[in-house]
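Enquirer: Please find one structure pasted underneath; my questions will follow.
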Amino acid sequence: SYYYHGLVRLAVGTEKIRASIAKAQLVLVQTTGAIALLAVALGVVGAIILASITVTPIRRLVKGVARIRDEEDKENLKTHVISVGTRDEIGLLADTVNEMTQGLVKAAAANKELLIGKDIQKKFLPLQETPAGAKGSTAEEESDLVGLYGYYEGARVVSGDYFDFKKLDQNRY
């Protein structure tokens, strides 16, 4: 039987291992940074899109309500519809504003009819005319014997109130 007895010396260099680890660390930091940067960019784009989805209908609603506010003759709003293109709470609010607008249109039409009725009713009263030719709210008659003065304003736009004075003869009204 043979026996060998000896010593083996082995030397291992760590420079290549350290360089390889440093290179792997650099790649890891660059990759992590790129992923983080991409995540932030996607987050910003997503936030812009989400804000647009939320803000655009609100802007349409604000624009439509501003038109309602600024329109003097509410009857001109008969075909005015605010369309926000959503079926969420903002869409429900727009639908409610549209219903309110149609109520304003009907109220404006009814008010015009009442004003016409008021003007017709005033034609039957002995009221003095304004410089524009419309009937005012006062009437008066002066003579040596009497001074008559009347004021008319209906309790509502059109009312059942009526007064008149007529000269029957030289001494009587």
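Identifiers in the structure tokens: chain A, B, ... in order shown; residue index from 1 per chain; ligand index from 1 in order shown.
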What lies within 7 Å of segment 160-164 of chain A using only C-alpha atoms, ignoring chain neighbours under 3 positions off, as a ChimeraX atom specification?
Expert: /A:125-126,154
Enquirer: Segment 113-122 of chain A: which residues within 12 Å, counting only C-alpha atoms, same-chain residues fewer than 3 positions away excluded, as a ChimeraX atom specification?
Expert: /A:106-110,125-129,133-139,151-164
Enquirer: For the residues selected in the previous step, produce a file with C-alpha atoms as a CSV table (one decimal), in the first residue's frame.
Expert:
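Dumped to again-v5.csv:
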chain,number,residue,atom,x,y,z
A,106,LYS,CA,-92.0,76.8,-17.0
A,107,ALA,CA,-92.0,79.4,-14.2
A,108,ALA,CA,-90.7,82.1,-16.6
A,109,ALA,CA,-93.5,81.3,-19.1
A,110,ALA,CA,-96.1,81.4,-16.3
A,125,LEU,CA,-108.4,101.2,-14.3
A,126,PRO,CA,-108.2,105.0,-14.5
A,127,LEU,CA,-104.5,105.0,-14.0
A,128,GLN,CA,-102.2,107.7,-15.4
A,129,GLU,CA,-99.8,106.7,-18.2
A,133,GLY,CA,-97.1,105.0,-22.6
A,134,ALA,CA,-97.7,102.2,-20.1
A,135,LYS,CA,-100.2,102.4,-17.3
A,136,GLY,CA,-98.7,103.5,-14.0
A,137,SER,CA,-99.9,102.8,-10.4
A,138,THR,CA,-101.6,106.1,-9.6
A,139,ALA,CA,-104.7,108.1,-10.7
A,151,TYR,CA,-103.1,104.0,-6.0
A,152,TYR,CA,-103.2,100.5,-7.4
A,153,GLU,CA,-100.9,97.6,-6.9
A,154,GLY,CA,-102.4,94.1,-7.0
A,155,ALA,CA,-101.8,91.9,-4.0
A,156,ARG,CA,-100.4,89.4,-6.5
A,157,VAL,CA,-99.4,90.0,-10.1
A,158,VAL,CA,-103.0,89.7,-11.2
A,159,SER,CA,-105.7,90.4,-8.6
A,160,GLY,CA,-109.4,91.1,-8.3
A,161,ASP,CA,-108.9,94.6,-6.9
A,162,TYR,CA,-110.6,97.4,-8.9
A,163,PHE,CA,-111.4,101.1,-8.5
A,164,ASP,CA,-112.7,103.8,-10.7
Enquirer: Measure the distance from atom CA of Ala22 of chain A to atom CA of Val40 of chain A in Å and round it to one decimal.
Expert: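 So the answer is 26.8 Å.
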Enquirer: Work out how far apart atom CA of Gly64 of chain A and atom CA of Ile82 of chain A are and give it in Å to one decimal.
Expert: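 Distance between the two atoms: 5.6 Å.
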Enquirer: Fewer than 3 positions away in the same chain doesn't count, so skip those; otherwise give me all residues within 8 Å of segment 92-97 of chain A, counting only C-alpha atoms, as a list in words.
Expert: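 Near neighbours after the sequence-gap exclusion: Leu61, Val65, Ile82, Ser83, Val84, Arg87, Asp88, Glu89, Met100 and Thr101 of chain A.
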Enquirer: Running DSSP on the backbone, which parts of segment 3-154 of chain A land in alpha helix (DSSP H), as a ChimeraX atom specification?
Expert: /A:15-70,89-123
